[in-house]
>>> print(open('structure.txt').read())   # compact mmCIF, N, CA and C atoms
# COMPACT_ATOMS: atom_id res chain seq x y z
N MET A 9 18.58 -21.15 16.52
CA MET A 9 18.54 -22.23 15.56
C MET A 9 17.65 -21.81 14.40
N THR A 10 18.23 -21.63 13.23
CA THR A 10 17.45 -21.19 12.07
C THR A 10 17.45 -22.26 11.01
N ASP A 11 16.48 -22.19 10.17
CA ASP A 11 16.33 -23.15 9.09
C ASP A 11 16.78 -22.48 7.79
N LYS A 12 18.09 -22.45 7.54
CA LYS A 12 18.66 -21.74 6.39
C LYS A 12 18.13 -22.25 5.05
N PRO A 13 18.06 -23.58 4.80
CA PRO A 13 17.55 -24.02 3.50
C PRO A 13 16.13 -23.54 3.24
N LYS A 14 15.29 -23.52 4.28
CA LYS A 14 13.91 -23.06 4.12
C LYS A 14 13.90 -21.57 3.77
N GLU A 15 14.72 -20.77 4.45
CA GLU A 15 14.80 -19.33 4.17
C GLU A 15 15.29 -19.09 2.75
N GLN A 16 16.30 -19.86 2.30
CA GLN A 16 16.82 -19.69 0.95
C GLN A 16 15.76 -20.06 -0.08
N GLU A 17 15.00 -21.11 0.20
CA GLU A 17 13.93 -21.53 -0.71
C GLU A 17 12.85 -20.45 -0.81
N GLU A 18 12.48 -19.84 0.34
CA GLU A 18 11.48 -18.78 0.33
C GLU A 18 11.98 -17.56 -0.42
N THR A 19 13.29 -17.25 -0.27
CA THR A 19 13.86 -16.12 -0.99
C THR A 19 13.83 -16.38 -2.49
N LYS A 20 14.13 -17.63 -2.91
CA LYS A 20 14.04 -17.98 -4.33
C LYS A 20 12.62 -17.82 -4.83
N ASP A 21 11.64 -18.30 -4.05
CA ASP A 21 10.23 -18.16 -4.42
C ASP A 21 9.86 -16.68 -4.53
N LEU A 22 10.35 -15.87 -3.60
CA LEU A 22 10.07 -14.45 -3.60
C LEU A 22 10.61 -13.80 -4.87
N ASN A 23 11.86 -14.12 -5.22
CA ASN A 23 12.46 -13.54 -6.42
C ASN A 23 11.77 -14.02 -7.68
N ALA A 24 11.39 -15.28 -7.74
CA ALA A 24 10.71 -15.81 -8.92
C ALA A 24 9.35 -15.15 -9.10
N ALA A 25 8.62 -14.99 -8.03
CA ALA A 25 7.30 -14.35 -8.10
C ALA A 25 7.43 -12.90 -8.53
N GLU A 26 8.46 -12.22 -8.06
CA GLU A 26 8.68 -10.82 -8.41
C GLU A 26 8.99 -10.69 -9.88
N LYS A 27 9.81 -11.59 -10.45
CA LYS A 27 10.19 -11.51 -11.86
C LYS A 27 9.02 -11.83 -12.77
N GLU A 28 8.11 -12.71 -12.34
CA GLU A 28 6.98 -13.11 -13.17
C GLU A 28 5.92 -12.02 -13.25
N SER A 29 5.84 -11.16 -12.25
CA SER A 29 4.78 -10.17 -12.22
C SER A 29 5.04 -9.05 -13.22
N GLU A 30 3.95 -8.40 -13.63
CA GLU A 30 4.06 -7.26 -14.52
C GLU A 30 3.77 -6.01 -13.72
N GLY A 31 4.19 -4.86 -14.23
CA GLY A 31 3.92 -3.60 -13.54
C GLY A 31 4.91 -3.35 -12.43
N VAL A 32 4.42 -2.78 -11.34
CA VAL A 32 5.27 -2.42 -10.22
C VAL A 32 5.76 -3.69 -9.53
N PRO A 33 7.08 -3.84 -9.35
CA PRO A 33 7.56 -5.04 -8.66
C PRO A 33 7.08 -5.02 -7.21
N HIS A 34 6.82 -6.19 -6.66
CA HIS A 34 6.39 -6.30 -5.28
C HIS A 34 6.93 -7.59 -4.69
N PHE A 35 7.02 -7.61 -3.38
CA PHE A 35 7.59 -8.74 -2.66
C PHE A 35 6.57 -9.21 -1.64
N ILE A 36 6.15 -10.46 -1.75
CA ILE A 36 5.14 -11.02 -0.86
C ILE A 36 5.66 -12.33 -0.29
N THR A 37 5.61 -12.46 1.03
CA THR A 37 6.01 -13.71 1.68
C THR A 37 5.12 -13.95 2.88
N PRO A 38 4.97 -15.21 3.32
CA PRO A 38 4.20 -15.50 4.53
C PRO A 38 4.89 -14.86 5.74
N LEU A 39 4.13 -14.61 6.80
CA LEU A 39 4.69 -13.96 7.98
C LEU A 39 5.71 -14.84 8.69
N ARG A 40 6.83 -14.23 9.02
CA ARG A 40 7.88 -14.79 9.86
C ARG A 40 8.16 -13.72 10.90
N PRO A 41 9.17 -13.86 11.73
CA PRO A 41 9.45 -12.77 12.66
C PRO A 41 9.53 -11.45 11.89
N ILE A 42 8.73 -10.48 12.30
CA ILE A 42 8.52 -9.26 11.53
C ILE A 42 9.81 -8.49 11.25
N VAL A 43 10.72 -8.46 12.20
CA VAL A 43 11.97 -7.73 12.01
C VAL A 43 12.75 -8.30 10.83
N HIS A 44 12.84 -9.62 10.75
CA HIS A 44 13.57 -10.26 9.66
C HIS A 44 12.86 -10.06 8.33
N GLN A 45 11.58 -10.27 8.34
CA GLN A 45 10.83 -10.22 7.08
C GLN A 45 10.81 -8.82 6.47
N VAL A 46 10.50 -7.82 7.27
CA VAL A 46 10.47 -6.45 6.75
C VAL A 46 11.86 -6.04 6.29
N GLY A 47 12.87 -6.40 7.07
CA GLY A 47 14.24 -6.08 6.68
C GLY A 47 14.62 -6.69 5.35
N GLU A 48 14.26 -7.96 5.15
CA GLU A 48 14.55 -8.63 3.88
C GLU A 48 13.81 -7.96 2.73
N HIS A 49 12.55 -7.62 2.96
CA HIS A 49 11.77 -6.96 1.92
C HIS A 49 12.37 -5.61 1.54
N VAL A 50 12.71 -4.82 2.55
CA VAL A 50 13.27 -3.49 2.29
C VAL A 50 14.58 -3.61 1.53
N LEU A 51 15.45 -4.51 1.95
CA LEU A 51 16.73 -4.68 1.25
C LEU A 51 16.52 -5.16 -0.18
N ALA A 52 15.59 -6.09 -0.39
CA ALA A 52 15.31 -6.57 -1.75
C ALA A 52 14.73 -5.46 -2.61
N ALA A 53 13.84 -4.66 -2.04
CA ALA A 53 13.22 -3.57 -2.81
C ALA A 53 14.24 -2.49 -3.14
N LEU A 54 15.15 -2.20 -2.22
CA LEU A 54 16.15 -1.17 -2.47
C LEU A 54 17.14 -1.56 -3.56
N GLN A 55 17.22 -2.84 -3.89
CA GLN A 55 18.11 -3.29 -4.96
C GLN A 55 17.52 -3.04 -6.35
N GLN A 56 16.23 -2.68 -6.43
CA GLN A 56 15.60 -2.38 -7.71
C GLN A 56 16.14 -1.04 -8.24
N ASP A 57 16.24 -0.93 -9.55
CA ASP A 57 16.74 0.30 -10.16
C ASP A 57 15.85 1.49 -9.79
N GLU A 58 16.46 2.62 -9.53
CA GLU A 58 15.80 3.90 -9.27
C GLU A 58 14.96 3.93 -7.99
N THR A 59 15.11 2.96 -7.09
CA THR A 59 14.33 2.95 -5.85
C THR A 59 14.91 3.96 -4.87
N VAL A 60 14.02 4.82 -4.34
CA VAL A 60 14.45 5.80 -3.33
C VAL A 60 13.74 5.58 -2.00
N ALA A 61 12.67 4.77 -1.99
CA ALA A 61 11.92 4.48 -0.77
C ALA A 61 11.19 3.16 -0.95
N VAL A 62 10.72 2.61 0.16
CA VAL A 62 9.98 1.34 0.11
C VAL A 62 8.70 1.50 0.94
N LEU A 63 7.58 1.10 0.35
CA LEU A 63 6.30 1.11 1.04
C LEU A 63 5.99 -0.33 1.45
N THR A 64 5.80 -0.56 2.75
CA THR A 64 5.56 -1.92 3.26
C THR A 64 4.28 -1.92 4.09
N THR A 65 3.47 -2.97 3.91
CA THR A 65 2.23 -3.12 4.68
C THR A 65 2.00 -4.59 4.99
N ILE A 66 1.19 -4.85 5.99
CA ILE A 66 0.77 -6.21 6.31
C ILE A 66 -0.70 -6.32 5.92
N THR A 67 -1.03 -7.34 5.18
CA THR A 67 -2.40 -7.49 4.69
C THR A 67 -2.89 -8.92 4.87
N GLY A 68 -4.17 -9.08 4.92
CA GLY A 68 -4.77 -10.41 4.97
C GLY A 68 -5.20 -10.83 3.58
N SER A 69 -5.15 -12.09 3.31
CA SER A 69 -5.59 -12.62 2.02
C SER A 69 -6.13 -14.02 2.24
N ASN A 70 -6.57 -14.66 1.16
CA ASN A 70 -7.06 -16.02 1.30
C ASN A 70 -5.93 -16.99 1.66
N GLN A 71 -4.68 -16.54 1.53
CA GLN A 71 -3.53 -17.36 1.90
C GLN A 71 -3.02 -17.04 3.30
N GLY A 72 -3.70 -16.15 4.01
CA GLY A 72 -3.27 -15.76 5.34
C GLY A 72 -2.62 -14.39 5.31
N LYS A 73 -2.13 -13.95 6.45
CA LYS A 73 -1.49 -12.64 6.53
C LYS A 73 -0.17 -12.65 5.78
N GLN A 74 0.11 -11.53 5.10
CA GLN A 74 1.35 -11.41 4.34
C GLN A 74 1.94 -10.02 4.51
N VAL A 75 3.25 -9.92 4.34
CA VAL A 75 3.93 -8.64 4.28
C VAL A 75 4.14 -8.33 2.81
N ILE A 76 3.73 -7.14 2.38
CA ILE A 76 3.89 -6.73 0.98
C ILE A 76 4.72 -5.46 0.97
N SER A 77 5.77 -5.45 0.14
CA SER A 77 6.62 -4.27 0.00
C SER A 77 6.71 -3.88 -1.46
N ILE A 78 6.68 -2.58 -1.71
CA ILE A 78 6.77 -2.07 -3.07
C ILE A 78 7.88 -1.02 -3.12
N PRO A 79 8.84 -1.19 -4.04
CA PRO A 79 9.87 -0.16 -4.18
C PRO A 79 9.27 1.08 -4.85
N LEU A 80 9.64 2.26 -4.36
CA LEU A 80 9.13 3.51 -4.91
C LEU A 80 10.24 4.30 -5.58
N THR A 81 9.97 4.80 -6.79
CA THR A 81 10.90 5.70 -7.46
C THR A 81 10.64 7.11 -6.96
N ALA A 82 11.46 8.06 -7.37
CA ALA A 82 11.26 9.46 -6.97
C ALA A 82 9.89 9.95 -7.44
N GLU A 83 9.47 9.52 -8.62
CA GLU A 83 8.15 9.91 -9.15
C GLU A 83 7.03 9.37 -8.25
N HIS A 84 7.16 8.11 -7.82
CA HIS A 84 6.16 7.52 -6.93
C HIS A 84 6.08 8.29 -5.61
N VAL A 85 7.23 8.67 -5.07
CA VAL A 85 7.26 9.40 -3.80
C VAL A 85 6.55 10.74 -3.95
N GLN A 86 6.76 11.43 -5.09
CA GLN A 86 6.07 12.70 -5.34
C GLN A 86 4.56 12.49 -5.39
N GLN A 87 4.12 11.39 -6.02
CA GLN A 87 2.68 11.09 -6.08
C GLN A 87 2.12 10.85 -4.68
N VAL A 88 2.86 10.11 -3.85
CA VAL A 88 2.42 9.85 -2.48
C VAL A 88 2.33 11.15 -1.70
N ARG A 89 3.33 12.02 -1.85
CA ARG A 89 3.31 13.32 -1.16
C ARG A 89 2.09 14.13 -1.59
N GLY A 90 1.79 14.12 -2.89
CA GLY A 90 0.62 14.84 -3.39
C GLY A 90 -0.67 14.33 -2.77
N LEU A 91 -0.79 13.01 -2.67
CA LEU A 91 -1.99 12.42 -2.05
C LEU A 91 -2.09 12.80 -0.58
N ILE A 92 -0.97 12.77 0.13
CA ILE A 92 -0.98 13.13 1.55
C ILE A 92 -1.36 14.60 1.72
N GLU A 93 -0.84 15.48 0.86
CA GLU A 93 -1.20 16.90 0.94
C GLU A 93 -2.69 17.10 0.69
N GLU A 94 -3.25 16.37 -0.28
CA GLU A 94 -4.69 16.47 -0.54
C GLU A 94 -5.49 16.06 0.69
N ILE A 95 -5.05 15.01 1.36
CA ILE A 95 -5.75 14.54 2.55
C ILE A 95 -5.70 15.61 3.64
N HIS A 96 -4.54 16.25 3.83
CA HIS A 96 -4.41 17.28 4.86
C HIS A 96 -5.25 18.50 4.52
N GLU A 97 -5.34 18.85 3.23
CA GLU A 97 -6.14 20.01 2.83
C GLU A 97 -7.62 19.77 3.12
N SER A 98 -8.08 18.57 2.90
CA SER A 98 -9.50 18.26 3.09
C SER A 98 -9.72 17.53 4.41
N ASP A 99 -8.95 17.93 5.43
CA ASP A 99 -9.00 17.26 6.73
C ASP A 99 -10.35 17.44 7.42
N GLU A 100 -10.96 18.63 7.27
CA GLU A 100 -12.25 18.86 7.91
C GLU A 100 -13.37 18.38 7.02
N PRO A 101 -14.29 17.64 7.57
CA PRO A 101 -15.42 17.18 6.75
C PRO A 101 -16.33 18.35 6.40
N GLU A 102 -17.03 18.20 5.29
CA GLU A 102 -17.99 19.23 4.88
C GLU A 102 -19.09 19.30 5.93
N HIS A 103 -19.46 20.51 6.32
CA HIS A 103 -20.50 20.68 7.35
C HIS A 103 -21.87 20.66 6.69
N VAL A 104 -22.69 19.69 7.05
CA VAL A 104 -24.06 19.60 6.57
C VAL A 104 -24.96 19.63 7.79
N PRO A 105 -25.82 20.67 7.90
CA PRO A 105 -26.69 20.75 9.07
C PRO A 105 -27.71 19.61 9.09
N CYS A 106 -27.74 18.88 10.19
CA CYS A 106 -28.64 17.73 10.30
C CYS A 106 -29.38 17.77 11.63
N VAL A 107 -30.59 17.25 11.61
CA VAL A 107 -31.36 17.01 12.83
C VAL A 107 -31.80 15.56 12.74
N GLY A 108 -31.22 14.73 13.59
CA GLY A 108 -31.52 13.30 13.50
C GLY A 108 -31.04 12.77 12.15
N PHE A 109 -31.93 12.11 11.41
CA PHE A 109 -31.57 11.57 10.10
C PHE A 109 -31.91 12.54 8.97
N HIS A 110 -32.40 13.72 9.28
CA HIS A 110 -32.81 14.69 8.27
C HIS A 110 -31.70 15.71 8.09
N CYS A 111 -31.17 15.80 6.87
CA CYS A 111 -30.08 16.73 6.58
C CYS A 111 -30.49 17.69 5.47
N LEU A 112 -30.09 18.94 5.59
CA LEU A 112 -30.36 19.94 4.59
C LEU A 112 -29.23 19.90 3.56
N LEU A 113 -29.58 19.64 2.30
CA LEU A 113 -28.60 19.59 1.22
C LEU A 113 -28.78 20.80 0.32
N ASP A 114 -27.69 21.26 -0.29
CA ASP A 114 -27.77 22.36 -1.26
C ASP A 114 -28.60 21.92 -2.45
N GLU A 115 -29.37 22.87 -3.02
CA GLU A 115 -30.19 22.56 -4.20
C GLU A 115 -29.31 22.11 -5.35
N GLU A 116 -28.17 22.78 -5.54
CA GLU A 116 -27.28 22.45 -6.65
C GLU A 116 -26.78 21.01 -6.53
N ASP A 117 -26.39 20.61 -5.33
CA ASP A 117 -25.93 19.24 -5.11
C ASP A 117 -27.04 18.24 -5.40
N SER A 118 -28.26 18.56 -4.97
CA SER A 118 -29.39 17.66 -5.20
C SER A 118 -29.68 17.51 -6.68
N ASN A 119 -29.62 18.62 -7.43
CA ASN A 119 -29.88 18.57 -8.87
C ASN A 119 -28.80 17.78 -9.60
N GLU A 120 -27.54 17.95 -9.19
CA GLU A 120 -26.43 17.22 -9.82
C GLU A 120 -26.56 15.72 -9.56
N ARG A 121 -26.94 15.35 -8.37
CA ARG A 121 -27.10 13.93 -8.03
C ARG A 121 -28.27 13.31 -8.78
N ALA A 122 -29.33 14.08 -8.98
CA ALA A 122 -30.50 13.57 -9.70
C ALA A 122 -30.16 13.32 -11.17
N LYS A 123 -29.29 14.14 -11.75
CA LYS A 123 -28.89 13.98 -13.15
C LYS A 123 -27.99 12.77 -13.34
N ALA A 124 -27.21 12.42 -12.32
CA ALA A 124 -26.24 11.33 -12.43
C ALA A 124 -26.86 9.99 -12.38
>>> encode(input="structure.txt", output="C-alpha cells")
Amino acid sequence: MTDKPKEQEETKDLNAAEKESEGVPHFITPLRPIVHQVGEHVLAALQQDETVAVLTTITGSNQGKQVISIPLTAEHVQQVRGLIEEIHESDEPEHVPCVGFHCLLDEEDSNERAKA
C-alpha cells in the first residue's frame, strides 16, 4: 500500500528545489525506504545533461537525515579520480619520532610555521 499522491508531491518539491538552486544540481529528500529513494535520485540525476555518474550520500542536517545525490559529468569524475589517487599516494602518514607528547620536528618546518 503506497501513498502515490504524497510521492508525486515530494517529487515535485524535489524538482522545484533542484531548479531553484544555482551551481551543481542536487537532489535532497527526507528519508524513505532507502532502495526507493536512492533509485529515484540516481534516475533523476542521470536525466541531467552530460551526466556519466551519480554521487549519493546520506547526511544529517537540522531537518533530519537526508539523501543527497549529485550528477557528475566526465570532468567531475576525472577530478574525483585525481583526488582518490592523491589519497592513495599519501596513504602512509609522515613519520615523526615521538616519545610521549614530545616530538622531534625538522628545523625547516619549525621556521616555516613560526613565519606563518
>>> atom_distance(input="structure.txt", atom1="atom C of A:Pro41", atom2="atom N of A:Asn70")
19.6 Å
>>> closest_residue(input="structure.txt", among="A:Leu80, A:Leu91, A:Cys106, A:Leu113", to="A:Asp57", atoms="all atoms listed in the file")
A:Leu80
>>> closest_residue(input="structure.txt", among="A:Leu112, A:Val60, A:Val32, A:Val46", to="A:Glu83", atoms="only N, CA and C atoms")
A:Val60
>>> residues_around(input="structure.txt", residues="A:Ile36", least_positions_apart="2", cutoff="6 Å", atoms="only N, CA and C atoms", output="list in words")
Leu22, His34, Pro38, Val75, Ile76 and Ser77 of chain A
>>> atom_distance(input="structure.txt", atom1="atom N of A:Val88", atom2="atom C of A:His49")
19.1 Å
>>> closest_residue(input="structure.txt", among="A:Thr37, A:Gly31, A:Gly72, A:Pro79", to="A:Ala52", atoms="only N, CA and C atoms")
A:Pro79
>>> atom_distance(input="structure.txt", atom1="atom C of A:Val43", atom2="atom CA of A:Gln86")
27.3 Å
>>> closest_residue(input="structure.txt", among="A:Phe35, A:Glu115, A:Thr65, A:Pro105", to="A:Leu51", atoms="only C-alpha atoms")
A:Phe35
>>> select_by_dssp(input="structure.txt", residues="stretch 49-116 of chain A", states="strand (DSSP E)", output="list in words")
Ala61, Val62, Leu63, Thr64, Thr65, Ile66, Thr67, Gln74, Val75, Ile76, Ser77, Ile78, Pro79, Leu80, Cys106, Val107, His110 and Cys111 of chain A
